[in-house]
$ cat data.cif   # mmCIF, C-alpha atoms
data_query
loop_
_atom_site.group_PDB
_atom_site.id
_atom_site.type_symbol
_atom_site.label_atom_id
_atom_site.label_comp_id
_atom_site.auth_asym_id
_atom_site.auth_seq_id
_atom_site.Cartn_x
_atom_site.Cartn_y
_atom_site.Cartn_z
ATOM 1 C CA MET A 113 -31.466 -15.590 -11.783
ATOM 2 C CA SER A 114 -30.428 -16.008 -15.400
ATOM 3 C CA LYS A 115 -32.793 -17.582 -17.874
ATOM 4 C CA VAL A 116 -31.941 -19.356 -21.125
ATOM 5 C CA GLU A 117 -34.398 -19.795 -23.970
ATOM 6 C CA ILE A 118 -33.712 -22.036 -26.938
ATOM 7 C CA LEU A 119 -35.679 -21.843 -30.161
ATOM 8 C CA GLU A 120 -34.992 -24.641 -32.651
ATOM 9 C CA ASP A 121 -35.794 -25.126 -36.325
ATOM 10 C CA VAL A 122 -35.701 -21.481 -37.347
ATOM 11 C CA SER A 123 -35.454 -21.009 -41.114
ATOM 12 C CA ASP A 124 -32.889 -18.875 -42.935
ATOM 13 C CA SER A 125 -35.540 -16.346 -43.848
ATOM 14 C CA GLU A 126 -36.692 -15.896 -40.257
ATOM 15 C CA VAL A 127 -33.537 -16.189 -38.172
ATOM 16 C CA GLN A 128 -32.506 -12.544 -38.409
ATOM 17 C CA LYS A 129 -35.876 -11.282 -37.266
ATOM 18 C CA VAL A 130 -36.016 -13.818 -34.436
ATOM 19 C CA VAL A 131 -32.558 -12.753 -33.225
ATOM 20 C CA GLU A 132 -33.516 -9.084 -33.346
ATOM 21 C CA ASN A 133 -36.653 -9.714 -31.356
ATOM 22 C CA PHE A 134 -34.820 -11.623 -28.648
ATOM 23 C CA LYS A 135 -32.301 -8.791 -28.445
ATOM 24 C CA ARG A 136 -35.146 -6.300 -28.193
ATOM 25 C CA ALA A 137 -36.420 -8.312 -25.233
ATOM 26 C CA GLY A 138 -33.032 -7.887 -23.521
ATOM 27 C CA ALA A 139 -31.282 -11.162 -24.329
ATOM 28 C CA GLN A 140 -27.774 -11.981 -25.472
ATOM 29 C CA VAL A 141 -28.249 -14.157 -28.529
ATOM 30 C CA SER A 142 -26.225 -16.826 -30.326
ATOM 31 C CA THR A 143 -27.150 -18.928 -33.340
ATOM 32 C CA THR A 144 -26.043 -22.381 -34.437
ATOM 33 C CA ARG A 145 -26.725 -24.171 -37.705
ATOM 34 C CA GLN A 146 -28.484 -27.474 -37.050
ATOM 35 C CA ASP A 147 -27.782 -30.686 -38.965
ATOM 36 C CA ASN A 148 -31.088 -30.260 -40.815
ATOM 37 C CA GLY A 149 -29.981 -26.872 -42.157
ATOM 38 C CA LEU A 150 -32.239 -24.863 -39.890
ATOM 39 C CA TRP A 151 -31.027 -22.640 -37.064
ATOM 40 C CA LYS A 152 -31.003 -22.968 -33.308
ATOM 41 C CA VAL A 153 -31.279 -19.656 -31.501
ATOM 42 C CA VAL A 154 -30.061 -19.455 -27.898
ATOM 43 C CA ALA A 155 -31.174 -16.383 -25.948
ATOM 44 C CA THR A 156 -29.674 -15.726 -22.535
ATOM 45 C CA PHE A 157 -31.393 -13.212 -20.337
ATOM 46 C CA PRO A 158 -29.233 -11.510 -17.696
ATOM 47 C CA ASP A 159 -29.551 -12.198 -13.995
ATOM 48 C CA LYS A 160 -32.419 -10.293 -12.432
ATOM 49 C CA MET Q 288 -15.684 -32.595 -7.417
ATOM 50 C CA LYS Q 289 -13.445 -34.861 -9.513
ATOM 51 C CA LYS Q 290 -11.676 -36.087 -6.352
ATOM 52 C CA LEU Q 291 -15.012 -36.939 -4.797
ATOM 53 C CA LEU Q 292 -16.058 -38.843 -7.910
ATOM 54 C CA LEU Q 293 -12.774 -40.729 -7.833
ATOM 55 C CA LEU Q 294 -13.403 -41.564 -4.192
ATOM 56 C CA PHE Q 295 -16.782 -42.965 -5.107
ATOM 57 C CA CYS Q 296 -15.257 -45.095 -7.857
ATOM 58 C CA LEU Q 297 -12.769 -46.480 -5.352
ATOM 59 C CA LEU Q 298 -15.584 -47.183 -2.934
ATOM 60 C CA LEU Q 299 -17.441 -49.015 -5.650
ATOM 61 C CA PHE Q 300 -14.473 -51.274 -6.254
ATOM 62 C CA ALA Q 301 -13.785 -51.685 -2.537
ATOM 63 C CA ALA Q 302 -17.340 -52.852 -2.003
ATOM 64 C CA GLY Q 303 -17.102 -55.248 -4.894
ATOM 65 C CA CYS Q 304 -19.655 -53.331 -6.888
ATOM 66 C CA SER Q 305 -17.936 -53.679 -10.232
ATOM 67 C CA THR Q 306 -20.958 -55.264 -11.820
ATOM 68 C CA MET Q 307 -23.386 -52.527 -10.867
ATOM 69 C CA GLN Q 308 -24.179 -50.273 -13.793
ATOM 70 C CA GLY Q 309 -24.760 -47.050 -11.873
ATOM 71 C CA TYR Q 310 -23.722 -44.741 -14.684
ATOM 72 C CA PRO Q 311 -25.238 -43.988 -18.024
ATOM 73 C CA ASP Q 312 -22.921 -44.934 -20.874
ATOM 74 C CA ARG Q 313 -20.286 -42.362 -21.648
ATOM 75 C CA SER Q 314 -20.986 -40.393 -24.780
ATOM 76 C CA ASP Q 315 -17.676 -41.372 -26.314
ATOM 77 C CA ASN Q 316 -18.653 -45.031 -26.559
ATOM 78 C CA TYR Q 317 -19.474 -44.559 -30.231
ATOM 79 C CA GLU Q 318 -22.446 -46.817 -30.176
ATOM 80 C CA SER Q 319 -24.291 -47.203 -33.407
ATOM 81 C CA GLU Q 320 -27.062 -44.723 -32.618
ATOM 82 C CA LEU Q 321 -24.438 -42.139 -31.846
ATOM 83 C CA SER Q 322 -22.320 -42.742 -34.920
ATOM 84 C CA ALA Q 323 -23.593 -39.618 -36.600
ATOM 85 C CA LEU Q 324 -22.132 -37.577 -33.759
ATOM 86 C CA SER Q 325 -18.795 -39.394 -33.583
ATOM 87 C CA GLU Q 326 -17.102 -36.747 -35.705
ATOM 88 C CA TYR Q 327 -17.422 -34.303 -32.826
ATOM 89 C CA PHE Q 328 -15.557 -36.579 -30.417
ATOM 90 C CA LYS Q 329 -12.426 -36.895 -32.512
ATOM 91 C CA PRO Q 330 -9.332 -35.116 -31.124
ATOM 92 C CA GLU Q 331 -8.548 -33.750 -34.564
ATOM 93 C CA THR Q 332 -11.934 -32.028 -34.653
ATOM 94 C CA ILE Q 333 -10.998 -30.177 -31.485
ATOM 95 C CA SER Q 334 -7.518 -29.407 -32.797
ATOM 96 C CA GLU Q 335 -8.909 -28.056 -36.050
ATOM 97 C CA CYS Q 336 -11.408 -25.940 -34.155
ATOM 98 C CA ILE Q 337 -8.730 -24.444 -31.924
ATOM 99 C CA LYS Q 338 -6.634 -23.583 -34.991
ATOM 100 C CA LYS Q 339 -9.413 -21.568 -36.631
ATOM 101 C CA THR Q 340 -8.428 -17.964 -37.018
ATOM 102 C CA SER Q 341 -11.665 -16.084 -37.563
ATOM 103 C CA GLU Q 342 -14.041 -15.577 -34.642
ATOM 104 C CA ASN Q 343 -17.027 -16.683 -36.723
ATOM 105 C CA GLU Q 344 -15.402 -20.007 -37.620
ATOM 106 C CA LYS Q 345 -14.177 -20.589 -34.058
ATOM 107 C CA ARG Q 346 -17.577 -19.877 -32.631
ATOM 108 C CA LEU Q 347 -19.400 -22.045 -35.146
ATOM 109 C CA CYS Q 348 -17.210 -25.096 -34.565
ATOM 110 C CA ARG Q 349 -17.219 -24.577 -30.770
ATOM 111 C CA ASP Q 350 -21.025 -24.442 -30.770
ATOM 112 C CA ASN Q 351 -21.333 -27.471 -33.061
ATOM 113 C CA ILE Q 352 -18.990 -29.576 -30.908
ATOM 114 C CA VAL Q 353 -20.771 -28.563 -27.705
ATOM 115 C CA HIS Q 354 -24.265 -29.180 -29.085
ATOM 116 C CA ALA Q 355 -23.230 -32.559 -30.517
ATOM 117 C CA ARG Q 356 -21.765 -33.678 -27.198
ATOM 118 C CA ILE Q 357 -24.792 -32.461 -25.266
ATOM 119 C CA ARG Q 358 -26.963 -34.434 -27.658
ATOM 120 C CA ALA Q 359 -24.846 -37.565 -27.183
ATOM 121 C CA ILE Q 360 -24.944 -37.246 -23.394
ATOM 122 C CA ASP Q 361 -28.691 -36.695 -23.507
ATOM 123 C CA ILE Q 362 -29.196 -39.829 -25.605
ATOM 124 C CA ASN Q 363 -27.239 -41.909 -23.114
ATOM 125 C CA PHE Q 364 -28.870 -40.267 -20.103
ATOM 126 C CA ASN Q 365 -32.337 -40.891 -21.461
ATOM 127 C CA SER Q 366 -31.477 -44.562 -22.037
ATOM 128 C CA PHE Q 367 -30.085 -44.757 -18.529
ATOM 129 C CA GLN Q 368 -33.154 -43.122 -17.065
ATOM 130 C CA GLN Q 369 -35.439 -45.534 -18.869
ATOM 131 C CA ALA Q 370 -33.368 -48.513 -17.798
ATOM 132 C CA ALA Q 371 -33.375 -47.299 -14.192
ATOM 133 C CA THR Q 372 -37.118 -46.893 -14.247
ATOM 134 C CA LYS Q 373 -37.576 -50.344 -15.690
ATOM 135 C CA GLU Q 374 -35.216 -51.856 -13.139
ATOM 136 C CA HIS Q 375 -32.821 -53.033 -15.780
ATOM 137 C CA ILE Q 376 -29.782 -51.968 -13.848
ATOM 138 C CA GLN Q 377 -27.842 -54.919 -12.560
ATOM 139 C CA LEU Q 378 -27.500 -55.093 -8.801
ATOM 140 C CA ASN Q 379 -25.379 -57.924 -7.643
ATOM 141 C CA VAL Q 380 -23.391 -56.950 -4.600
ATOM 142 C CA GLY Q 381 -22.720 -54.566 -1.699
ATOM 143 C CA PHE Q 382 -24.150 -51.144 -1.164
ATOM 144 C CA ASP Q 383 -21.633 -49.636 1.227
ATOM 145 C CA TRP Q 384 -21.233 -46.599 -0.988
ATOM 146 C CA ALA Q 385 -24.958 -45.962 -1.078
ATOM 147 C CA VAL Q 386 -25.189 -46.215 2.705
ATOM 148 C CA LEU Q 387 -22.332 -43.759 3.012
ATOM 149 C CA GLY Q 388 -23.911 -41.286 0.646
ATOM 150 C CA LEU Q 389 -27.520 -41.603 1.639
ATOM 151 C CA GLY Q 390 -26.866 -41.766 5.376
ATOM 152 C CA GLY Q 391 -24.919 -38.537 5.108
ATOM 153 C CA ALA Q 392 -27.670 -36.964 3.087
ATOM 154 C CA GLY Q 393 -30.337 -37.953 5.592
ATOM 155 C CA ALA Q 394 -28.392 -36.263 8.330
ATOM 156 C CA VAL Q 395 -28.147 -32.903 6.641
ATOM 157 C CA ILE Q 396 -31.360 -32.453 4.690
ATOM 158 C CA ASP Q 397 -34.190 -30.580 6.390
ATOM 159 C CA ASN Q 398 -36.895 -31.488 3.917
ATOM 160 C CA SER Q 399 -38.717 -34.098 5.941
ATOM 161 C CA ASN Q 400 -39.958 -36.242 3.056
ATOM 162 C CA THR Q 401 -36.603 -36.460 1.337
ATOM 163 C CA GLN Q 402 -34.814 -36.934 4.636
ATOM 164 C CA ALA Q 403 -37.144 -39.722 5.659
ATOM 165 C CA ILE Q 404 -36.765 -41.520 2.350
ATOM 166 C CA LEU Q 405 -32.994 -41.254 2.332
ATOM 167 C CA ALA Q 406 -32.651 -42.264 5.977
ATOM 168 C CA ALA Q 407 -35.020 -45.180 5.499
ATOM 169 C CA ILE Q 408 -33.208 -46.360 2.414
ATOM 170 C CA SER Q 409 -29.828 -45.987 4.067
ATOM 171 C CA GLY Q 410 -31.013 -47.972 7.075
ATOM 172 C CA GLY Q 411 -32.698 -50.503 4.866
ATOM 173 C CA LEU Q 412 -29.592 -51.046 2.832
ATOM 174 C CA THR Q 413 -27.447 -51.449 5.943
ATOM 175 C CA GLY Q 414 -29.784 -53.999 7.456
ATOM 176 C CA ALA Q 415 -30.315 -55.881 4.279
ATOM 177 C CA LYS Q 416 -26.738 -56.089 3.159
ATOM 178 C CA GLY Q 417 -26.349 -59.322 1.273
ATOM 179 C CA SER Q 418 -30.044 -59.563 0.512
ATOM 180 C CA ILE Q 419 -30.884 -56.226 -0.960
ATOM 181 C CA ASP Q 420 -34.478 -55.325 -1.518
ATOM 182 C CA LYS Q 421 -34.276 -54.119 -5.072
ATOM 183 C CA ASN Q 422 -37.829 -52.855 -5.008
ATOM 184 C CA VAL Q 423 -37.077 -50.492 -2.138
ATOM 185 C CA TYR Q 424 -34.009 -49.254 -3.943
ATOM 186 C CA PHE Q 425 -35.742 -48.566 -7.217
ATOM 187 C CA GLU Q 426 -39.056 -47.336 -5.927
ATOM 188 C CA LYS Q 427 -37.685 -44.991 -3.308
ATOM 189 C CA THR Q 428 -34.077 -44.160 -3.966
ATOM 190 C CA MET Q 429 -33.922 -43.898 -7.734
ATOM 191 C CA PRO Q 430 -36.644 -41.246 -8.047
ATOM 192 C CA VAL Q 431 -34.798 -39.059 -5.533
ATOM 193 C CA LEU Q 432 -31.481 -39.560 -7.303
ATOM 194 C CA LEU Q 433 -32.961 -39.066 -10.772
ATOM 195 C CA ALA Q 434 -34.703 -35.884 -9.660
ATOM 196 C CA LYS Q 435 -31.395 -34.587 -8.368
ATOM 197 C CA MET Q 436 -29.616 -35.593 -11.581
ATOM 198 C CA ILE Q 437 -32.177 -33.760 -13.682
ATOM 199 C CA ALA Q 438 -31.916 -30.637 -11.527
ATOM 200 C CA LEU Q 439 -28.116 -30.683 -11.639
ATOM 201 C CA ARG Q 440 -28.049 -31.292 -15.398
ATOM 202 C CA LYS Q 441 -30.424 -28.411 -15.970
ATOM 203 C CA SER Q 442 -28.271 -26.104 -13.921
ATOM 204 C CA VAL Q 443 -25.073 -27.066 -15.777
ATOM 205 C CA LEU Q 444 -26.855 -26.829 -19.130
ATOM 206 C CA ALA Q 445 -27.877 -23.259 -18.352
ATOM 207 C CA THR Q 446 -24.246 -22.433 -17.614
ATOM 208 C CA ILE Q 447 -23.195 -23.950 -20.946
ATOM 209 C CA TYR Q 448 -25.807 -22.101 -22.960
ATOM 210 C CA LYS Q 449 -24.913 -18.898 -21.203
ATOM 211 C CA GLY Q 450 -21.296 -19.523 -22.214
ATOM 212 C CA LEU Q 451 -22.287 -20.114 -25.826
ATOM 213 C CA SER Q 452 -23.799 -16.655 -25.957
ATOM 214 C CA LEU Q 453 -20.269 -15.277 -25.393
ATOM 215 C CA ASP Q 454 -17.477 -15.066 -27.938
ATOM 216 C CA THR Q 455 -14.662 -17.607 -27.936
ATOM 217 C CA THR Q 456 -12.217 -15.385 -26.069
ATOM 218 C CA GLU Q 457 -14.597 -15.277 -23.104
ATOM 219 C CA TYR Q 458 -15.844 -18.849 -23.454
ATOM 220 C CA PRO Q 459 -13.270 -20.907 -25.343
ATOM 221 C CA LEU Q 460 -13.835 -24.455 -26.525
ATOM 222 C CA ILE Q 461 -11.663 -25.978 -23.785
ATOM 223 C CA ARG Q 462 -13.701 -24.306 -21.061
ATOM 224 C CA ALA Q 463 -16.876 -25.479 -22.756
ATOM 225 C CA LEU Q 464 -15.544 -29.042 -22.801
ATOM 226 C CA ASN Q 465 -14.892 -28.846 -19.048
ATOM 227 C CA ASP Q 466 -18.492 -27.763 -18.566
ATOM 228 C CA ILE Q 467 -19.588 -30.677 -20.770
ATOM 229 C CA ASP Q 468 -17.758 -33.005 -18.358
ATOM 230 C CA ASP Q 469 -19.686 -31.417 -15.494
ATOM 231 C CA TYR Q 470 -22.879 -31.974 -17.490
ATOM 232 C CA TYR Q 471 -22.076 -35.657 -17.858
ATOM 233 C CA ASN Q 472 -21.144 -36.016 -14.178
ATOM 234 C CA ALA Q 473 -24.396 -34.361 -13.123
ATOM 235 C CA GLY Q 474 -26.233 -37.278 -14.727
ATOM 236 C CA THR Q 475 -24.487 -39.984 -12.704
ATOM 237 C CA ILE Q 476 -25.521 -41.611 -9.439
ATOM 238 C CA PRO Q 477 -22.371 -40.502 -7.569
ATOM 239 C CA GLY Q 478 -22.870 -37.011 -8.977
ATOM 240 C CA ALA Q 479 -26.418 -36.932 -7.640
ATOM 241 C CA VAL Q 480 -25.429 -38.373 -4.248
ATOM 242 C CA ILE Q 481 -22.657 -35.809 -3.944
ATOM 243 C CA GLY Q 482 -25.119 -33.128 -5.004
ATOM 244 C CA ILE Q 483 -27.522 -34.171 -2.270
ATOM 245 C CA THR Q 484 -24.973 -34.617 0.475
ATOM 246 C CA ALA Q 485 -23.280 -31.353 -0.382
ATOM 247 C CA THR Q 486 -26.529 -29.453 -0.022
ATOM 248 C CA SER Q 487 -27.539 -28.694 3.524
ATOM 249 C CA GLY Q 488 -31.155 -28.497 4.549
ATOM 250 C CA ALA Q 489 -30.914 -24.778 5.043
ATOM 251 C CA THR Q 490 -29.745 -24.223 1.497
ATOM 252 C CA ILE Q 491 -31.479 -26.952 -0.514
ATOM 253 C CA GLU Q 492 -34.649 -24.966 -1.076
ATOM 254 C CA LYS Q 493 -32.663 -21.873 -1.966
ATOM 255 C CA ALA Q 494 -30.567 -23.903 -4.388
ATOM 256 C CA GLU Q 495 -33.672 -25.258 -6.083
ATOM 257 C CA LYS Q 496 -34.955 -21.727 -6.556
ATOM 258 C CA GLU Q 497 -31.661 -20.639 -7.990
ATOM 259 C CA ILE Q 498 -31.533 -23.398 -10.553
ATOM 260 C CA LYS Q 499 -31.342 -21.576 -13.790
ATOM 261 C CA GLU Q 500 -34.239 -21.797 -16.126
ATOM 262 C CA VAL Q 501 -33.968 -23.310 -19.572
ATOM 263 C CA LEU Q 502 -36.974 -23.088 -21.878
ATOM 264 C CA VAL Q 503 -36.869 -24.973 -25.183
ATOM 265 C CA GLY Q 504 -39.273 -24.732 -28.104
ATOM 266 C CA LYS Q 505 -39.487 -25.266 -31.831
ATOM 267 C CA TYR Q 506 -40.145 -22.373 -34.182
ATOM 268 C CA VAL Q 507 -43.609 -22.284 -35.686
ATOM 269 C CA LYS Q 508 -45.067 -19.769 -38.097
ATOM 270 C CA THR Q 509 -48.605 -18.898 -37.108
ATOM 271 C CA GLU Q 510 -51.289 -16.408 -37.937
ATOM 272 C CA GLU Q 511 -51.248 -15.132 -34.345
ATOM 273 C CA GLY Q 512 -47.485 -14.555 -34.088
ATOM 274 C CA PRO Q 513 -47.211 -11.442 -36.298
ATOM 275 C CA ARG Q 514 -50.300 -9.920 -34.679
ATOM 276 C CA ILE Q 515 -48.793 -10.277 -31.214
ATOM 277 C CA GLU Q 516 -45.438 -9.022 -32.469
ATOM 278 C CA THR Q 517 -47.009 -5.893 -33.951
ATOM 279 C CA PHE Q 518 -48.963 -5.296 -30.743
ATOM 280 C CA TRP Q 519 -45.803 -5.762 -28.632
ATOM 281 C CA LYS Q 520 -43.740 -3.292 -30.635
ATOM 282 C CA ALA Q 521 -46.444 -0.655 -30.995
ATOM 283 C CA ASP Q 522 -46.341 0.612 -27.430
ATOM 284 C CA LYS Q 523 -44.312 0.114 -24.246
ATOM 285 C CA ASN Q 524 -47.564 -0.278 -22.328
ATOM 286 C CA ASN Q 525 -48.460 -3.164 -24.605
ATOM 287 C CA GLU Q 526 -45.207 -4.879 -23.673
ATOM 288 C CA ALA Q 527 -46.061 -4.544 -19.990
ATOM 289 C CA ARG Q 528 -49.587 -5.818 -20.608
ATOM 290 C CA LEU Q 529 -48.287 -8.799 -22.563
ATOM 291 C CA ASN Q 530 -45.761 -9.719 -19.871
ATOM 292 C CA GLU Q 531 -48.406 -9.369 -17.191
ATOM 293 C CA TRP Q 532 -50.774 -11.575 -19.187
ATOM 294 C CA ILE Q 533 -48.062 -14.212 -19.650
ATOM 295 C CA SER Q 534 -47.266 -14.218 -15.924
ATOM 296 C CA LYS Q 535 -50.924 -14.759 -15.064
ATOM 297 C CA ASN Q 536 -51.790 -17.334 -17.717
ATOM 298 C CA ILE Q 537 -48.707 -19.503 -18.200
ATOM 299 C CA GLU Q 538 -47.060 -21.792 -15.684
ATOM 300 C CA PRO Q 539 -43.574 -20.638 -14.640
ATOM 301 C CA PRO Q 540 -40.906 -20.385 -15.830
ATOM 302 C CA PHE Q 541 -42.451 -17.648 -17.953
ATOM 303 C CA PRO Q 542 -41.300 -17.281 -21.569
ATOM 304 C CA SER Q 543 -40.067 -13.994 -22.969
ATOM 305 C CA ILE Q 544 -42.369 -12.308 -25.469
ATOM 306 C CA PRO Q 545 -40.340 -13.561 -28.495
ATOM 307 C CA LEU Q 546 -40.439 -17.157 -27.289
ATOM 308 C CA PHE Q 547 -44.149 -16.752 -26.622
ATOM 309 C CA ILE Q 548 -44.596 -15.522 -30.202
ATOM 310 C CA TYR Q 549 -42.546 -18.248 -31.912
ATOM 311 C CA SER Q 550 -42.590 -21.409 -29.795
ATOM 312 C CA ASP Q 551 -44.674 -24.459 -30.601
ATOM 313 C CA LYS Q 552 -45.481 -24.695 -26.890
ATOM 314 C CA TYR Q 553 -47.928 -21.795 -26.771
ATOM 315 C CA HIS Q 554 -50.502 -22.379 -29.525
ATOM 316 C CA GLN Q 555 -53.579 -22.092 -27.332
ATOM 317 C CA GLU Q 556 -52.134 -19.349 -25.148
ATOM 318 C CA ARG Q 557 -51.478 -17.111 -28.170
ATOM 319 C CA LYS Q 558 -55.101 -17.390 -29.269
ATOM 320 C CA LYS Q 559 -56.267 -16.677 -25.734
ATOM 321 C CA ALA Q 560 -53.960 -13.641 -25.410
ATOM 322 C CA ILE Q 561 -55.268 -12.188 -28.681
ATOM 323 C CA ASP Q 562 -58.803 -12.645 -27.472
ATOM 324 C CA GLU Q 563 -58.366 -11.326 -23.945
ATOM 325 C CA LEU Q 564 -56.032 -8.432 -24.782
ATOM 326 C CA LYS Q 565 -58.163 -7.588 -27.837
ATOM 327 C CA ILE Q 566 -55.131 -7.618 -30.108
ATOM 328 C CA PRO Q 567 -56.155 -6.530 -33.630
#
$ encode --input "data.cif" --output "structure tokens"
Amino acid sequence: MSKVEILEDVSDSEVQKVVENFKRAGAQVSTTRQDNGLWKVVATFPDK
Amino acid sequence: MKKLLLLFCLLLFAAGCSTMQGYPDRSDNYESELSALSEYFKPETISECIKKTSENEKRLCRDNIVHARIRAIDINFNSFQQAATKEHIQLNVGFDWAVLGLGGAGAVIDNSNTQAILAAISGGLTGAKGSIDKNVYFEKTMPVLLAKMIALRKSVLATIYKGLSLDTTEYPLIRALNDIDDYYNAGTIPGAVIGITATSGATIEKAEKEIKEVLVGKYVKTEEGPRIETFWKADKNNEARLNEWISKNIEPPFPSIPLFIYSDKYHQERKKAIDELKIP
């Protein structure tokens, strides 16, 4: 069963570290710039 | 799926149900509260996105269009849900379509509570044709349909987000827009009825379990976060201990360690984990 986690309002200074940590946890990660200038991080964990 | 939806539309007209507002507003209605998102519904925005040459630009505009449309659909769905709860939907005429859908559902669903509700509503609607008991409809039927809509929407949303984690050759904008249509349809009454009738009793429980999980949180910077992060990365055993602690102390679906560290949803749990796991 695949699981998707979404983390909103991540700042420029933190987004890289957040992405790396999700990847370390085994997720595929994408980022999107929000209208407020912050980032949305979408982490998809593979089917178990 | 689209043919079935078309069939339901025809049934609605055949039954003279043109005044019943069974759908949330479409997201391309450009209502005032959605005006900020209207840019993402323009054909030229899609055309421009498709013409982008670099993968980064293609991906960024694909993601922005998809997120904007999801947001617009969510706004309309939430309004619809509130209106349904408050019985603001207009009900003026026949319910043949509902009898068709709900009667079929009652026949194939094993879950006794759901089956009983659907069968009772179907029977009630048949008997009361012409003098519909709106209270029965809203109090019994709508919660079942809304629950199904929410489950279906969640499942489609997981598919979309999974697609957005891929590059645009694997998950192009056009495919994403098709999934967005599925997301909209999942939040309609016919979509929910079809979802129920298409799910046999033997498989409904399995389907519920297989609904993909979507966890959403807002980033927060805390004093506990870096401590847990350091603990997590220091030792593989710590990772196992953290995951075990999360599985025993947080309601499923369980967050990953990063989401646990960063999300605004786990303030108290982070403090408790630090205390119980004696994280320095």
$ resolve_selection --input "data.cif" --expression "the PyMOL selection byres ((chain Q) within 8 of (chain A))" --output "JSON, numbers by chain"
{"Q": [347, 350, 351, 445, 448, 449, 451, 452, 453, 497, 498, 499, 500, 501, 502, 503, 504, 505, 506, 542, 543, 544, 545, 546, 549, 550]}
$ resolve_selection --input "data.cif" --expression "the PyMOL selection byres ((chain Q and resi 463-476) around 9)" --output "PyMOL selection string"
chain Q and resi 292+309-311+313-314+349+352-353+356-357+360-361+364+429+432-433+435-444+446-447+450-451+458-462+477-482
$ residues_near_point --input "data.cif" --point "(-50.1, -7.6, -21.5)" --cutoff "10 Å" --atoms "all atoms listed in the file" --output "tab-separated table (two decimals) with C-alpha atoms, keeping the file's coordinate frame"
chain	number	residue	atom	x	y	z
Q	518	PHE	CA	-48.96	-5.30	-30.74
Q	519	TRP	CA	-45.80	-5.76	-28.63
Q	524	ASN	CA	-47.56	-0.28	-22.33
Q	525	ASN	CA	-48.46	-3.16	-24.60
Q	526	GLU	CA	-45.21	-4.88	-23.67
Q	527	ALA	CA	-46.06	-4.54	-19.99
Q	528	ARG	CA	-49.59	-5.82	-20.61
Q	529	LEU	CA	-48.29	-8.80	-22.56
Q	530	ASN	CA	-45.76	-9.72	-19.87
Q	531	GLU	CA	-48.41	-9.37	-17.19
Q	532	TRP	CA	-50.77	-11.58	-19.19
Q	533	ILE	CA	-48.06	-14.21	-19.65
Q	534	SER	CA	-47.27	-14.22	-15.92
Q	535	LYS	CA	-50.92	-14.76	-15.06
Q	544	ILE	CA	-42.37	-12.31	-25.47
Q	560	ALA	CA	-53.96	-13.64	-25.41
Q	561	ILE	CA	-55.27	-12.19	-28.68
Q	563	GLU	CA	-58.37	-11.33	-23.94
Q	564	LEU	CA	-56.03	-8.43	-24.78
Q	566	ILE	CA	-55.13	-7.62	-30.11
$ build_atoms --input "data.cif" --residues "region 345-357 of chain Q" --atoms "N, CA and C atoms" --output "PDB file, in the frame of the given file"
ATOM      1  N   LYS Q 345     -14.431 -20.016 -35.384  1.00  0.00           N
ATOM      2  CA  LYS Q 345     -14.177 -20.589 -34.058  1.00  0.00           C
ATOM      3  C   LYS Q 345     -15.477 -20.814 -33.297  1.00  0.00           C
ATOM      4  N   ARG Q 346     -16.324 -19.817 -33.377  1.00  0.00           N
ATOM      5  CA  ARG Q 346     -17.577 -19.877 -32.631  1.00  0.00           C
ATOM      6  C   ARG Q 346     -18.490 -20.971 -33.184  1.00  0.00           C
ATOM      7  N   LEU Q 347     -18.536 -21.049 -34.514  1.00  0.00           N
ATOM      8  CA  LEU Q 347     -19.400 -22.045 -35.146  1.00  0.00           C
ATOM      9  C   LEU Q 347     -18.959 -23.466 -34.783  1.00  0.00           C
ATOM     10  N   CYS Q 348     -17.657 -23.724 -34.853  1.00  0.00           N
ATOM     11  CA  CYS Q 348     -17.210 -25.096 -34.565  1.00  0.00           C
ATOM     12  C   CYS Q 348     -17.306 -25.388 -33.073  1.00  0.00           C
ATOM     13  N   ARG Q 349     -17.039 -24.371 -32.213  1.00  0.00           N
ATOM     14  CA  ARG Q 349     -17.219 -24.577 -30.770  1.00  0.00           C
ATOM     15  C   ARG Q 349     -18.673 -24.968 -30.477  1.00  0.00           C
ATOM     16  N   ASP Q 350     -19.607 -24.189 -31.036  1.00  0.00           N
ATOM     17  CA  ASP Q 350     -21.025 -24.442 -30.770  1.00  0.00           C
ATOM     18  C   ASP Q 350     -21.448 -25.812 -31.296  1.00  0.00           C
ATOM     19  N   ASN Q 351     -20.960 -26.172 -32.497  1.00  0.00           N
ATOM     20  CA  ASN Q 351     -21.333 -27.471 -33.061  1.00  0.00           C
ATOM     21  C   ASN Q 351     -20.813 -28.626 -32.210  1.00  0.00           C
ATOM     22  N   ILE Q 352     -19.564 -28.512 -31.751  1.00  0.00           N
ATOM     23  CA  ILE Q 352     -18.990 -29.576 -30.908  1.00  0.00           C
ATOM     24  C   ILE Q 352     -19.777 -29.692 -29.601  1.00  0.00           C
ATOM     25  N   VAL Q 353     -20.063 -28.550 -28.995  1.00  0.00           N
ATOM     26  CA  VAL Q 353     -20.771 -28.563 -27.705  1.00  0.00           C
ATOM     27  C   VAL Q 353     -22.180 -29.140 -27.870  1.00  0.00           C
ATOM     28  N   HIS Q 354     -22.897 -28.681 -28.891  1.00  0.00           N
ATOM     29  CA  HIS Q 354     -24.265 -29.180 -29.085  1.00  0.00           C
ATOM     30  C   HIS Q 354     -24.265 -30.678 -29.394  1.00  0.00           C
ATOM     31  N   ALA Q 355     -23.295 -31.124 -30.182  1.00  0.00           N
ATOM     32  CA  ALA Q 355     -23.230 -32.559 -30.517  1.00  0.00           C
ATOM     33  C   ALA Q 355     -22.984 -33.391 -29.262  1.00  0.00           C
ATOM     34  N   ARG Q 356     -22.079 -32.914 -28.416  1.00  0.00           N
ATOM     35  CA  ARG Q 356     -21.765 -33.678 -27.198  1.00  0.00           C
ATOM     36  C   ARG Q 356     -22.934 -33.652 -26.212  1.00  0.00           C
ATOM     37  N   ILE Q 357     -23.599 -32.527 -26.126  1.00  0.00           N
ATOM     38  CA  ILE Q 357     -24.792 -32.461 -25.266  1.00  0.00           C
ATOM     39  C   ILE Q 357     -25.821 -33.473 -25.756  1.00  0.00           C
TER      40      ILE Q 357
END
